[in-house]
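Data file: upload-v6.txt. Format and content: compact mmCIF, C-alpha atoms and all ligand atoms.
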# COMPACT_ATOMS: atom_id res chain seq x y z
CA MET F 261 91.86 104.85 93.20
CA ALA F 262 91.72 104.00 89.49
CA ALA F 263 89.70 106.24 87.20
CA SER F 264 87.36 103.36 86.42
CA ASP F 265 86.37 103.19 90.10
CA LEU F 266 85.00 106.69 89.97
CA LEU F 267 81.37 107.51 89.45
CA PRO F 268 80.46 108.24 85.80
CA ALA F 269 80.04 111.94 86.50
CA GLU F 270 83.56 112.15 87.91
CA ALA F 271 86.93 111.89 86.31
CA ALA F 272 90.59 111.91 87.24
CA GLU F 273 93.02 114.82 86.97
CA LEU F 274 94.25 115.62 83.47
CA PRO F 275 97.85 114.34 83.39
CA GLU F 276 100.54 116.73 82.19
CA GLY F 277 103.67 114.95 81.00
CA SER F 278 105.34 113.81 77.84
CA ARG F 279 104.71 111.42 75.00
CA HIS F 280 107.73 109.50 76.30
CA ASP F 281 106.21 108.81 79.72
CA LEU F 282 104.95 105.29 80.29
CA ARG F 283 101.29 105.01 81.30
CA HIS F 284 100.05 101.63 82.40
CA ASP F 285 96.82 100.23 83.82
CA LEU F 286 95.46 103.54 85.10
CA SER F 287 91.85 102.65 84.19
CA PRO F 288 91.59 98.86 84.42
CA GLY F 289 87.80 98.87 84.01
CA ALA F 290 87.82 100.96 80.83
CA PRO F 291 85.95 99.65 77.76
CA ALA F 292 87.83 97.94 74.93
CA ILE F 293 88.42 100.13 71.91
CA GLU F 294 87.12 97.46 69.54
CA GLY F 295 83.58 98.45 68.63
CA TYR F 296 83.79 101.56 70.81
CA ALA F 297 81.12 103.77 69.38
CA GLY F 298 81.90 106.62 71.70
CA THR F 299 79.54 108.65 73.79
CA ASP F 300 78.50 112.25 73.63
CA GLY F 301 82.13 113.13 74.25
CA GLU F 302 81.69 114.45 77.76
CA PHE F 303 84.48 112.15 78.94
CA GLY F 304 87.42 110.54 77.25
CA TYR F 305 90.65 108.63 77.84
CA VAL F 306 93.95 110.42 77.51
CA HIS F 307 97.62 109.52 77.83
CA SER F 308 99.01 112.97 78.66
CA TYR F 309 99.46 116.46 77.33
CA GLU F 310 102.60 118.41 76.55
CA THR F 311 103.06 122.17 76.56
CA GLY F 312 105.58 124.04 74.44
CA SER F 313 105.70 121.57 71.54
CA ARG F 314 107.33 122.86 68.34
CA LEU F 315 106.87 119.55 66.53
CA ASP F 316 103.18 119.13 65.99
CA GLY F 317 102.11 122.00 63.77
CA PRO F 318 102.94 125.71 63.37
CA GLY F 319 104.08 127.83 66.30
CA ILE F 320 104.25 126.70 69.90
CA ARG F 321 101.53 124.24 70.77
CA ILE F 322 99.79 122.15 73.34
CA THR F 323 99.66 118.56 72.21
CA LEU F 324 97.07 116.29 73.76
CA PHE F 325 97.73 112.57 73.41
CA VAL F 326 94.52 110.58 73.52
CA SER F 327 94.22 106.84 74.15
CA GLY F 328 93.00 104.15 71.80
CA CYS F 329 94.48 102.92 68.53
CA PRO F 330 93.32 100.16 66.17
CA LEU F 331 96.68 99.97 64.38
CA ARG F 332 99.64 97.94 65.57
CA CYS F 333 102.63 99.62 63.97
CA GLN F 334 105.80 97.63 64.40
CA TYR F 335 107.68 100.81 65.18
CA CYS F 336 105.12 102.33 67.55
CA HIS F 337 106.82 104.49 70.17
CA ASN F 338 103.71 104.67 72.31
CA PRO F 339 102.08 101.26 72.69
CA ASP F 340 100.76 102.53 76.03
CA THR F 341 98.23 104.55 74.00
CA TRP F 342 96.68 101.49 72.29
CA GLN F 343 94.10 100.70 74.99
CA PHE F 344 91.87 102.96 77.05
CA LYS F 345 92.76 100.97 80.15
CA ASP F 346 96.30 102.37 80.16
CA GLY F 347 95.08 105.96 79.96
CA THR F 348 93.28 108.32 82.33
CA ARG F 349 89.58 109.09 82.10
CA VAL F 350 89.09 112.85 82.13
CA SER F 351 86.26 115.23 81.32
CA ALA F 352 86.29 117.34 78.17
CA GLU F 353 85.41 120.27 80.39
CA GLN F 354 88.65 119.82 82.31
CA VAL F 355 90.71 119.67 79.09
CA ILE F 356 88.96 122.76 77.76
CA GLY F 357 89.54 124.60 81.04
CA ARG F 358 93.27 123.82 80.89
CA LEU F 359 93.39 124.90 77.26
CA GLY F 360 91.71 128.19 78.15
CA HIS F 361 94.43 128.84 80.68
CA PHE F 362 97.11 128.59 77.97
CA ALA F 363 95.11 130.13 75.11
CA PRO F 364 96.45 133.73 75.31
CA ALA F 365 100.07 132.48 75.24
CA LEU F 366 99.35 130.04 72.41
CA ARG F 367 97.76 132.80 70.32
CA ALA F 368 100.72 135.10 71.02
CA MET F 369 103.14 132.40 69.84
CA GLN F 370 101.18 131.69 66.63
CA GLY F 371 100.55 128.20 67.97
CA GLY F 372 97.50 126.26 69.00
CA LEU F 373 96.22 122.82 69.86
CA THR F 374 97.20 119.52 68.30
CA ILE F 375 95.45 116.31 69.28
CA SER F 376 97.51 113.18 68.68
CA GLY F 377 97.49 109.67 70.03
CA GLY F 378 96.98 106.84 69.87
CA GLU F 379 94.46 107.40 67.12
CA VAL F 380 92.42 110.56 67.58
CA LEU F 381 89.45 109.24 65.61
CA VAL F 382 88.72 106.43 68.07
CA GLN F 383 87.17 109.15 70.26
CA THR F 384 85.56 111.42 67.69
CA ALA F 385 82.90 112.93 69.97
CA PHE F 386 85.38 113.72 72.74
CA THR F 387 87.99 115.21 70.42
CA GLU F 388 85.38 117.19 68.43
CA ARG F 389 84.19 118.83 71.64
CA ILE F 390 87.73 119.90 72.46
CA LEU F 391 88.46 121.10 68.92
CA ARG F 392 85.24 123.15 68.85
CA ALA F 393 86.20 124.79 72.12
CA ALA F 394 89.68 125.54 70.77
CA LYS F 395 88.17 127.20 67.69
CA SER F 396 85.92 129.29 69.91
CA MET F 397 89.15 130.51 71.64
CA ASN F 398 90.57 131.49 68.21
CA LEU F 399 93.26 128.83 68.41
CA HIS F 400 94.81 127.08 65.43
CA THR F 401 93.73 123.43 65.53
CA ALA F 402 95.31 120.25 64.23
CA ILE F 403 95.03 116.50 64.59
CA GLU F 404 97.61 113.86 63.86
CA THR F 405 95.97 110.73 62.49
CA SER F 406 96.57 107.62 60.41
CA GLY F 407 93.21 108.22 58.72
CA TYR F 408 92.30 104.57 59.25
CA LEU F 409 88.94 105.55 60.79
CA GLU F 410 88.12 108.14 58.13
CA SER F 411 84.56 106.85 57.81
CA ARG F 412 83.89 108.31 61.27
CA VAL F 413 84.92 111.81 60.25
CA THR F 414 81.98 114.07 59.46
CA ASP F 415 82.23 117.29 57.51
CA ALA F 416 81.37 119.11 60.74
CA TYR F 417 84.42 117.50 62.36
CA LEU F 418 86.66 118.59 59.51
CA GLU F 419 85.37 122.15 59.84
CA GLN F 420 87.00 122.31 63.27
CA LEU F 421 90.46 121.65 61.80
CA ASP F 422 92.99 124.08 60.38
CA LEU F 423 95.53 121.34 59.69
CA VAL F 424 95.62 117.56 59.42
CA ILE F 425 98.92 115.80 60.07
CA LEU F 426 98.37 112.60 58.13
CA ASP F 427 100.64 109.64 58.83
CA ILE F 428 101.05 107.67 55.62
CA LYS F 429 102.99 104.74 56.91
CA SER F 430 103.63 103.14 53.53
CA GLY F 431 102.60 103.56 49.92
CA ASP F 432 102.59 99.90 49.04
CA PRO F 433 99.48 98.11 50.40
CA GLU F 434 101.39 94.95 51.36
CA THR F 435 104.05 96.92 53.21
CA TYR F 436 101.32 98.95 54.93
CA GLN F 437 99.69 95.73 56.10
CA ARG F 438 103.02 94.38 57.34
CA VAL F 439 103.85 97.63 59.17
CA THR F 440 100.44 98.33 60.76
CA LYS F 441 98.43 95.07 60.55
CA ARG F 442 95.72 97.14 58.86
CA ASP F 443 94.54 98.11 55.39
CA LEU F 444 95.94 101.15 53.51
CA LYS F 445 92.70 102.02 51.67
CA PRO F 446 90.98 104.17 54.35
CA THR F 447 94.08 106.36 54.61
CA LEU F 448 94.06 106.88 50.84
CA ARG F 449 90.34 107.72 50.92
CA PHE F 450 90.99 110.26 53.66
CA ALA F 451 93.89 111.84 51.76
CA GLU F 452 91.68 112.21 48.68
CA ARG F 453 88.87 113.71 50.73
CA LEU F 454 91.21 116.26 52.31
CA ALA F 455 92.63 117.14 48.89
CA ALA F 456 89.12 117.71 47.49
CA LEU F 457 88.40 120.07 50.40
CA ARG F 458 91.82 121.78 50.06
CA LYS F 459 92.35 121.18 53.74
CA PRO F 460 95.96 121.94 54.71
CA VAL F 461 97.88 118.71 55.34
CA TRP F 462 101.34 117.77 56.56
CA VAL F 463 102.16 114.21 55.60
CA ARG F 464 104.38 112.24 57.96
CA PHE F 465 106.36 109.21 56.85
CA THR F 466 108.28 107.18 59.40
CA LEU F 467 111.46 105.86 57.88
CA VAL F 468 112.42 102.46 59.25
CA PRO F 469 115.49 100.70 57.86
CA GLY F 470 114.53 97.38 56.34
CA LEU F 471 110.80 98.01 56.76
CA THR F 472 109.63 101.20 55.01
CA ASP F 473 112.81 102.34 53.25
CA ASP F 474 112.40 100.44 49.99
CA PRO F 475 112.67 103.04 47.19
CA ALA F 476 109.51 101.72 45.53
CA ASN F 477 107.59 102.10 48.79
CA VAL F 478 108.79 105.69 49.24
CA ASP F 479 108.00 106.48 45.60
CA ALA F 480 104.47 105.17 46.05
CA VAL F 481 103.86 107.70 48.87
CA ALA F 482 105.58 110.48 46.92
CA LYS F 483 103.51 109.86 43.77
CA LEU F 484 100.32 109.87 45.79
CA VAL F 485 101.12 113.09 47.62
CA ALA F 486 102.91 115.19 44.96
CA PRO F 487 99.76 116.16 43.00
CA MET F 488 97.89 117.20 46.17
CA LYS F 489 98.25 120.96 46.36
CA ASN F 490 96.83 121.02 49.88
CA VAL F 491 99.88 119.10 51.19
CA GLU F 492 102.20 121.76 52.59
CA TRP F 493 104.94 119.48 53.89
CA VAL F 494 106.12 115.91 53.80
CA GLU F 495 108.03 115.23 57.00
CA VAL F 496 110.35 112.25 57.11
CA LEU F 497 110.62 110.94 60.65
CA PRO F 498 113.69 108.80 61.22
CA PHE F 499 112.99 105.67 63.25
CA HIS F 500 114.57 105.64 66.71
CA GLN F 501 114.53 103.31 69.69
CA LEU F 502 113.11 105.71 72.32
CA GLY F 503 109.92 103.68 72.64
CA ALA F 504 111.57 100.30 73.10
CA PHE F 505 111.31 100.40 76.89
CA LYS F 506 107.53 100.72 76.70
CA TRP F 507 107.14 97.45 74.77
CA LYS F 508 109.20 95.71 77.42
CA ALA F 509 107.34 97.30 80.33
CA LEU F 510 103.99 96.27 78.82
CA GLY F 511 105.17 92.70 78.25
CA LEU F 512 104.92 93.04 74.46
CA GLU F 513 107.31 91.47 72.00
CA TYR F 514 109.02 94.33 70.16
CA PRO F 515 109.61 93.30 66.55
CA LEU F 516 112.18 96.03 65.87
CA ALA F 517 114.40 95.43 68.90
CA ALA F 518 117.38 94.78 66.61
CA THR F 519 116.65 97.52 64.05
CA ALA F 520 119.18 100.34 63.83
CA PRO F 521 118.02 103.98 63.79
CA ALA F 522 117.72 105.53 60.31
CA SER F 523 121.10 106.94 59.27
CA PRO F 524 121.52 110.56 58.04
CA ASN F 525 122.40 109.20 54.58
CA LEU F 526 119.21 107.18 54.39
CA VAL F 527 117.14 110.15 55.57
CA ALA F 528 118.77 112.36 52.92
CA ARG F 529 118.06 109.79 50.20
CA VAL F 530 114.39 109.57 51.13
CA ILE F 531 113.91 113.33 51.45
CA GLY F 532 115.56 113.58 48.03
CA GLN F 533 113.07 111.07 46.61
CA PHE F 534 110.14 113.13 47.86
CA ARG F 535 111.64 116.35 46.51
CA ALA F 536 112.35 114.77 43.16
CA ALA F 537 108.67 113.85 42.93
CA GLY F 538 107.74 117.50 43.53
CA CYS F 539 106.96 117.48 47.26
CA ASN F 540 108.09 120.03 49.86
CA ALA F 541 109.96 117.61 52.05
CA ARG F 542 112.01 118.00 55.22
S1 LIG C 601 99.05 104.64 64.62
FE1 LIG C 601 100.48 105.63 66.04
S2 LIG C 601 99.80 105.02 68.09
FE2 LIG C 601 98.82 103.64 66.62
S3 LIG C 601 100.17 101.85 66.53
FE3 LIG C 601 100.76 103.25 64.87
S4 LIG C 601 102.41 104.53 65.69
FE4 LIG C 601 101.35 103.56 67.46
Translate this file's structure into structure tokens.
Amino acid sequence: MAASDLLPAEAAELPEGSRHDLRHDLSPGAPAIEGYAGTDGEFGYVHSYETGSRLDGPGIRITLFVSGCPLRCQYCHNPDTWQFKDGTRVSAEQVIGRLGHFAPALRAMQGGLTISGGEVLVQTAFTERILRAAKSMNLHTAIETSGYLESRVTDAYLEQLDLVILDIKSGDPETYQRVTKRDLKPTLRFAERLAALRKPVWVRFTLVPGLTDDPANVDAVAKLVAPMKNVEWVEVLPFHQLGAFKWKALGLEYPLAATAPASPNLVARVIGQFRAAGCNAR
């Protein structure tokens, strides 16, 4: 039975797994994300959750991958998170219950909860409920976001966050548009807002040969970020082809099928550019 066939008060089992698992057509009756205003957050659509992540913030973490994304990054490794219909409809209560089970271990390992996607801010009410619950368990909380939906983020939402992992996909507006099919401005507004609040931020920059590696494009991100004292790290993520199979399985044309992974030399050059601008980069 698909999740969409269930009664509104019911939901499917929260799926453990990996960001690299393919999820497809699990909720065929789910609403479109365009114009999705959200609900009270009692239910939401998720791709999966991982335990034991060392990648998504300090310590050892649970990372919850939620469905829905308005961007269309050429290099997206998880196009199966773009639409709710490919995810699983679960209750916030169930997510919070699972989190509670792991909370003592997460606290002991100086870790916490990270919510990623997809784009977390498509489901602000759902994710805020989960973040609030995590704070009440004394867990460190983080989201990974493009910031594109920053206008949906209230101050109360930001209060639930110890860290924002902000994906700045390009510093040049035209390149940003080419990479994501969306506008760079909301991300810049969000970065400025976080800086004004001194909210801890890790910036992530995905390095794609021939797409985001132009020195001027990298410099534009570096110049933006370097003066922001709240930015603790700039992380350069080398493009890889691990998500290619998902594009194929979903019947999507993958624009980077012929693009080589970022070489160690290229990664070193770009990290060097960030450091030269005054950023802590790795
Ligand atoms: S923001 Fe993330 S999930 Fe959305 S298209 Fe880009 S890489 Fe994929």
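Of the listed residues F:Tyr296, F:Trp507, F:Phe303, F:Trp493, the one whose atoms come nearest to ligand LIG 601 (chain C) is F:Trp507, with distances taken using only C-alpha atoms and all ligand atoms.
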Inset, instruction - Could you please extract the residues within 8 Å of ligand LIG 601 (chain C), counting all atoms listed in the file, and hand them back as a ChimeraX atom specification? - result: /F:328-339,341-342,377-379,405-406,427,440
Legend entry - Residue nearest F:Leu512 - candidates F:Leu423, F:Met488, F:Gly431, F:Asp340, atoms counted: only C-alpha atoms: F:Asp340
Inset, instruction - Write out as a ChimeraX atom specification the residues lying within 10 Å of stretch 281-289 of chain F, counting only C-alpha atoms and excluding same-chain residues fewer than 3 positions away. - result: /F:261-266,272,277-278,292,305-308,338-341,343-349,503,505-507,509-510
Legend entry - Pick from F:Asn490, F:Gln533, F:Asn398, F:Thr384, whichever lies nearest to F:Ala365 using all atoms listed in the file: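 Checking each candidate against F:Ala365, we get F:Asn398 as the closest.
Distances to F:Leu467 were evaluated for F:Pro433, F:Pro524, F:Pro515, F:Gly304 using all atoms listed in the file, and the minimum falls at F:Pro524.
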Legend entry - One-decimal distance in Å that lies between atom CA of F:Arg279 and atom CA of F:Pro364: 23.8 Å
Inset, instruction - Provide the atom CA of F:Lys489 to atom CA of F:Arg529 distance in Å, to one decimal place. - result: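 Separating atom CA of F:Lys489 from atom CA of F:Arg529 is a distance of 23.1 Å.
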Inset, instruction - Could you please determine the separation between atom CA of F:Ala537 and atom CA of F:Pro446 in Å, to one decimal place? - result: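 One can read the atom CA of F:Ala537 to atom CA of F:Pro446 distance as 23.2 Å.
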